[in-house]
There are 2 protein chains.
Amino acid sequence: MKGGLVNESGAVLLSERRPTPRAEGPEAVVAAISDFISHLADSGDGAPAGVGLAVPGLVTETAAVYAANLGWDHVPASDFTTLDIPVMLGHDVRTGGMAESILGAGKGLTDFLFLPIGTGIAGASIINGEAYGGSSGWAGEIGHTPVFPDGEQCVCGQLGCLETYASAASVGRRYSQRAGVEGVKAEEVVSSDDPIAIEVWDEAVEALSLALATYTLLLDPSVIVLGGGLAEAGPALFDPVRTRLVKRLVWRDAPPLIPAALGVDAGMLGAALLGWRAAGRPELGPGWTVDVRSAPVVS
Amino acid sequence: MKGGLVNESGAVLLSERRPTPRAEGPEAVVAAISDFISHLADSGDGAPAGVGLAVPGLVTETAAVYAANLGWDHVPASDFTTLDIPVMLGHDVRTGGMAESILGAGKGLTDFLFLPIGTGIAGASIINGEAYGGSSGWAGEIGHTPVFPDGEQCVCGQLGCLETYASAASVGRRYSQRAGVEGVKAEEVVSSDDPIAIEVWDEAVEALSLALATYTLLLDPSVIVLGGGLAEAGPALFDPVRTRLVKRLVWRDAPPLIPAALGVDAGMLGAALLGWRAAGRPELGPGWTVDVRSAPVVS
């Protein structure tokens with residue numbers, strides 16, 4: 001897990017990482033977060049005004065309602081810190097999407113898709129300027145949409161999910177299985193000219209372009225912001241996905257594909273925005289100049 | 001085209017149909033609409049307060065920006081009537097969705113999908129209580145999402161579109177082609193136990209369940225409201241689509257599938273709501289009791 005101190009001007013005063021003690025159970029993770037927050041608070045010059053937390057699963061501003069991976073079941077926001085300051089929770093991907101929307105690649109845009117591609121794939125739909133959670137908080141599961149109806153079974157149990165073809169983990173796994181070698185990473189597959197690597201990458205690109213075509217037709221985003229580890233592949237990802245997306249969309253333009261601007265800091269910066277909202281300063285953010293990557297290199 | 005007079009209590013005082021003189025060109029259609037509006041206005045007891053129009057294509061409240069089928073290119077709302085009263089335009093499917101949201105099957109719900117299945121297929125995403133148009137007005141094209149990536153070519157030029165398998169027109173056409181007979185209608189295919197009919201209907205159901213699974217995973221609707229001519233098939237449509245949708249969604253619940261409540265009047269009632277908005281009465285609608293079908297027979 002990542003944490004930091006962000007002041008009201010958006011300066012990241014401190015940024016640290018700690019392991020998540022998942023194996024020790026749900027309460028241990030909550031306690032570790034609480035310790036981490038106390039440590040960060042003690043490390044600053046003054047007293048923090050609020051805490052923002054980006055967490056996985058089903059989440060409201062005031063509770064981590066459900067998280068399968070962590071075993072959480074209705075953990076109130078106040079359980080995450082012993083400090084007597086306001087706390088606001090947000091969904092991890094949507095919080096990152098909000099940060100990209102206010103500070104990053106989507107700055108000034110009200111309607112777009114933020115799609116980080118890492119170990120898994122989930123998206124944040126920015127709709128009318130806000131990250132949209134759906135009727136019950138489960139929106140954004142683009143990684144489990146059935147891009148190939150009779151495709152491979154995903155670890156989630158469904159057939160032909162985008163994630164099982166196109167996540168970084170899946171690209172590495174699928175190559176390793178077909179080539180009969182262990183532990184090949186996605187970035188090696190992307191840059192290889194081995195025919196098996198080309199085939200696996202081609203299937204990932206096809207799966208992504210199908211999911212993005214569907215998203216575009218349903219929601220008409222102004223841009224699609226690709227992030228996460230796989231987006232580091234740059235043109236090797238963006239160029240073929242763009243080509244296929246344009247080809248799929250015969251009668252309408254494809255939205256530009258642009259890289260995320262905040263990288264691994266999207267979640268932490270989004271959490272900082274939540275913390276300032278919790279502290280009664282919802283106006284903070286748009287005026288921040290954060291230290292992001294320079295202008296998108298691929299458009 | 002359908003038109004009517006709806007008073008401030010939601011009573012439909014008059015409802016008429018006229019042919020659309022599409023073959024005579026874009027201006028003739030605008031003129032025919034204007035004549036129709038004048039006729040309706042003259043038929044009432046008093047002077048109308050406003051005009052609402054549900055039109056296809058790309059549309060804003062103040063202009064019919066683009067409609068391929070009608071040849072419209074930036075037609076201002078004021079061109080549609082010679083009466084000196086305010087006019088508001090809306091997108092046809094989204095206006096119907098708004099009517100279902102305020103008066104019909106989605107009454108009281110803020111986040112759902114309205115999917116009329118007729119000659120074509122397009123949807124209205126109701127998001128935070130409003131029909132969502134996307135970044136540029138082109139959202140809702142679920143009928144052209146690629147449910148079968150290597151599927152049949154749609155008349156739109158794309159491959160494997162939902163509409164080319166599951167619209168009422170496509171179900172009839174696909175059966176007629178395979179069976180070597182002319183002009184069979186969708187309702188005949190649905191109710192037939194001919195093996196070719198069963199196969200064609202099965203493919204339509206599969207296409208629909210795939211599109212609805214994807215929609216559910218992306219947008220987490222509280223319900224899915226099915227309307228249009230094909231929804232008249234009742235359990236023959238709802239039961240198999242629900243079964244397949246539940247099966248596709250392994251780790252989350254499927255939203256209830258419910259029939260639209262306003263039938264062919266959805267567009268006209270939505271246009272009436274627009275007309276009252278144009279007239280400065282946006283509060284009208286939620287209190288109306290419209291003469292809709294009784295409670296959903298299939299849930």
# chains A, B, ... in the order shown; residues from 1 in each chain; ligands from 1
>>> interface_residues(of="chain B", to="chain A", cutoff="8 Å", atoms="only C-alpha atoms", output="count of residues only")
38
>>> select_by_dssp(residues="range 57-185 of chain A", states="helix (DSSP H, G or I)", output="PyMOL selection string")
chain A and resi 77-80+92-103+142-144+162-166+168-179
>>> residues_around(residues="Leu274 in chain A", least_positions_apart="5", cutoff="8 Å", atoms="only C-alpha atoms", output="PyMOL selection string")
chain A and resi 51-53+88-90
>>> atom_distance(atom1="CA of Thr81 in chain A", atom2="CA of Asn69 in chain A")
20.8 Å
>>> select_by_dssp(residues="range 136-268 of chain A", states="strand (DSSP E)", output="PDB file with C-alpha atoms, in the first residue's frame")
ATOM      1  CA  ILE A 224      -9.792   6.940 -23.357  1.00  0.00           C
ATOM      2  CA  VAL A 225      -6.987   7.235 -20.812  1.00  0.00           C
ATOM      3  CA  LEU A 226      -4.891   4.068 -20.584  1.00  0.00           C
ATOM      4  CA  GLY A 227      -2.783   3.587 -17.476  1.00  0.00           C
ATOM      5  CA  LEU A 257      -6.282   7.014 -26.738  1.00  0.00           C
ATOM      6  CA  ILE A 258      -3.980   8.886 -24.384  1.00  0.00           C
ATOM      7  CA  PRO A 259      -1.696   7.716 -21.599  1.00  0.00           C
TER       8      PRO A 259
END
>>> atom_distance(atom1="CA of Thr60 in chain B", atom2="CA of Leu208 in chain B")
29.2 Å
>>> residues_around(residues="Val93 in chain B", least_positions_apart="4", cutoff="9 Å", atoms="only C-alpha atoms", output="PyMOL selection string")
chain B and resi 54-56+97-98+114-116+122-124+140+266-267
>>> residues_around(residues="Leu237 in chain B", least_positions_apart="2", cutoff="10 Å", atoms="only C-alpha atoms", output="PyMOL selection string")
chain B and resi 190+201+204-205+208+226+230-235+239-242
>>> write_last_selection(atoms="all heavy atoms", output="compact mmCIF listing (two decimals), in the first residue's frame")
# COMPACT_ATOMS: atom_id res chain seq x y z
N VAL B 190 -40.46 -16.16 -33.25
CA VAL B 190 -40.42 -16.38 -31.80
C VAL B 190 -41.35 -17.52 -31.38
O VAL B 190 -41.03 -18.34 -30.53
CB VAL B 190 -40.81 -15.08 -31.05
CG1 VAL B 190 -40.91 -15.34 -29.55
CG2 VAL B 190 -39.80 -13.98 -31.33
N TRP B 201 -33.76 -17.62 -33.21
CA TRP B 201 -34.16 -16.98 -31.96
C TRP B 201 -33.10 -17.20 -30.86
O TRP B 201 -32.79 -16.29 -30.08
CB TRP B 201 -35.52 -17.51 -31.52
CG TRP B 201 -36.07 -16.84 -30.29
CD1 TRP B 201 -36.45 -17.44 -29.13
CD2 TRP B 201 -36.28 -15.44 -30.10
NE1 TRP B 201 -36.89 -16.50 -28.24
CE2 TRP B 201 -36.79 -15.26 -28.81
CE3 TRP B 201 -36.08 -14.31 -30.92
CZ2 TRP B 201 -37.11 -14.01 -28.28
CZ3 TRP B 201 -36.40 -13.06 -30.41
CH2 TRP B 201 -36.90 -12.92 -29.11
N ALA B 204 -30.42 -14.73 -31.34
CA ALA B 204 -30.85 -13.40 -30.90
C ALA B 204 -30.77 -13.29 -29.38
O ALA B 204 -30.27 -12.29 -28.83
CB ALA B 204 -32.29 -13.14 -31.38
N VAL B 205 -31.23 -14.33 -28.71
CA VAL B 205 -31.21 -14.35 -27.24
C VAL B 205 -29.77 -14.32 -26.73
O VAL B 205 -29.44 -13.60 -25.77
CB VAL B 205 -31.96 -15.60 -26.72
CG1 VAL B 205 -31.64 -15.88 -25.27
CG2 VAL B 205 -33.47 -15.42 -26.92
N LEU B 208 -28.38 -10.80 -27.21
CA LEU B 208 -28.93 -9.89 -26.20
C LEU B 208 -28.32 -10.14 -24.83
O LEU B 208 -27.96 -9.19 -24.11
CB LEU B 208 -30.45 -10.05 -26.11
CG LEU B 208 -31.25 -9.24 -27.11
CD1 LEU B 208 -32.71 -9.71 -27.11
CD2 LEU B 208 -31.18 -7.75 -26.78
N LEU B 226 -36.92 -3.52 -20.93
CA LEU B 226 -36.98 -3.90 -22.34
C LEU B 226 -38.30 -3.43 -22.94
O LEU B 226 -39.37 -3.68 -22.37
CB LEU B 226 -36.84 -5.41 -22.50
CG LEU B 226 -35.54 -6.05 -22.00
CD1 LEU B 226 -35.57 -7.56 -22.23
CD2 LEU B 226 -34.33 -5.44 -22.69
N LEU B 230 -40.32 -6.15 -30.01
CA LEU B 230 -39.89 -7.50 -29.65
C LEU B 230 -40.23 -7.83 -28.19
O LEU B 230 -40.42 -9.00 -27.85
CB LEU B 230 -38.39 -7.66 -29.89
CG LEU B 230 -37.93 -9.08 -30.22
CD1 LEU B 230 -38.56 -9.57 -31.52
CD2 LEU B 230 -36.42 -9.15 -30.32
N ALA B 231 -40.33 -6.81 -27.34
CA ALA B 231 -40.66 -7.06 -25.94
C ALA B 231 -42.09 -7.57 -25.78
O ALA B 231 -42.44 -8.15 -24.75
CB ALA B 231 -40.45 -5.81 -25.10
N GLU B 232 -42.91 -7.38 -26.83
CA GLU B 232 -44.27 -7.92 -26.81
C GLU B 232 -44.25 -9.45 -26.77
O GLU B 232 -45.25 -10.08 -26.43
CB GLU B 232 -45.06 -7.46 -28.04
CG GLU B 232 -45.18 -5.95 -28.18
CD GLU B 232 -45.95 -5.30 -27.04
OE1 GLU B 232 -46.90 -5.93 -26.56
OE2 GLU B 232 -45.56 -4.19 -26.62
N ALA B 233 -43.10 -10.04 -27.12
CA ALA B 233 -42.98 -11.50 -27.03
C ALA B 233 -43.08 -11.99 -25.60
O ALA B 233 -43.29 -13.18 -25.35
CB ALA B 233 -41.66 -11.96 -27.67
N GLY B 234 -42.94 -11.09 -24.64
CA GLY B 234 -43.13 -11.46 -23.23
C GLY B 234 -42.16 -12.52 -22.77
O GLY B 234 -40.97 -12.44 -23.03
N PRO B 235 -42.68 -13.56 -22.07
CA PRO B 235 -41.80 -14.59 -21.51
C PRO B 235 -40.90 -15.26 -22.54
O PRO B 235 -39.80 -15.71 -22.20
CB PRO B 235 -42.78 -15.60 -20.91
CG PRO B 235 -44.02 -14.82 -20.64
CD PRO B 235 -44.09 -13.77 -21.71
N ASP B 239 -37.68 -14.71 -20.48
CA ASP B 239 -37.20 -15.89 -19.75
C ASP B 239 -35.83 -16.38 -20.23
O ASP B 239 -34.92 -16.52 -19.42
CB ASP B 239 -38.24 -17.02 -19.80
CG ASP B 239 -39.48 -16.69 -18.96
OD1 ASP B 239 -39.45 -15.69 -18.23
OD2 ASP B 239 -40.47 -17.44 -19.05
N PRO B 240 -35.67 -16.62 -21.54
CA PRO B 240 -34.34 -17.12 -21.95
C PRO B 240 -33.23 -16.07 -21.82
O PRO B 240 -32.09 -16.42 -21.50
CB PRO B 240 -34.54 -17.55 -23.41
CG PRO B 240 -35.75 -16.81 -23.88
CD PRO B 240 -36.62 -16.63 -22.67
N VAL B 241 -33.56 -14.80 -22.03
CA VAL B 241 -32.52 -13.77 -21.88
C VAL B 241 -32.09 -13.70 -20.41
O VAL B 241 -30.89 -13.62 -20.09
CB VAL B 241 -32.98 -12.39 -22.39
CG1 VAL B 241 -31.97 -11.31 -22.03
CG2 VAL B 241 -33.20 -12.43 -23.90
N ARG B 242 -33.07 -13.76 -19.51
CA ARG B 242 -32.73 -13.72 -18.08
C ARG B 242 -31.87 -14.92 -17.69
O ARG B 242 -30.86 -14.77 -16.99
CB ARG B 242 -34.01 -13.69 -17.25
CG ARG B 242 -33.74 -13.55 -15.76
CD ARG B 242 -35.03 -13.62 -14.94
NE ARG B 242 -35.95 -12.57 -15.31
CZ ARG B 242 -37.08 -12.76 -15.98
NH1 ARG B 242 -37.43 -13.98 -16.37
NH2 ARG B 242 -37.86 -11.75 -16.27
>>> atom_distance(atom1="CA of Cys154 in chain A", atom2="CA of Gly120 in chain A")
11.2 Å
>>> closest_residue(among="A:Ser191, A:Ser101, A:Thr82, A:Ser209", to="Leu269 in chain A", atoms="only C-alpha atoms")
A:Ser101
>>> residues_around(residues="range 275-287 of chain A", least_positions_apart="4", cutoff="8 Å", atoms="only C-alpha atoms", output="mmCIF file with C-alpha atoms, in the first residue's frame")
data_model
loop_
_atom_site.group_PDB
_atom_site.id
_atom_site.type_symbol
_atom_site.label_atom_id
_atom_site.label_comp_id
_atom_site.auth_asym_id
_atom_site.auth_seq_id
_atom_site.Cartn_x
_atom_site.Cartn_y
_atom_site.Cartn_z
ATOM 1 C CA GLU A 8 -3.366 22.204 0.381
ATOM 2 C CA SER A 9 -1.263 23.330 -2.584
ATOM 3 C CA GLY A 10 -0.980 19.773 -3.847
ATOM 4 C CA ALA A 49 -6.721 18.082 8.430
ATOM 5 C CA GLY A 50 -8.270 14.917 7.035
ATOM 6 C CA VAL A 51 -7.656 11.418 5.727
ATOM 7 C CA GLY A 52 -8.579 10.027 2.333
ATOM 8 C CA LEU A 53 -8.374 6.333 1.556
ATOM 9 C CA ILE A 85 -9.874 13.926 12.068
ATOM 10 C CA PRO A 86 -12.440 13.320 9.322
ATOM 11 C CA VAL A 87 -11.956 10.344 6.990
ATOM 12 C CA MET A 88 -13.389 9.792 3.510
ATOM 13 C CA ILE A 102 -8.878 16.758 -11.848
ATOM 14 C CA LEU A 103 -5.084 16.715 -12.088
ATOM 15 C CA ALA A 271 -6.952 9.866 -1.856
#
>>> closest_residue(among="B:Val12, B:Ala261, B:Arg178, B:Tyr66", to="Asp194 in chain B", atoms="only C-alpha atoms")
B:Arg178
>>> closest_residue(among="B:Arg94, B:Lys185, B:Lys107, B:Arg18", to="Arg173 in chain B", atoms="only C-alpha atoms")
B:Lys185
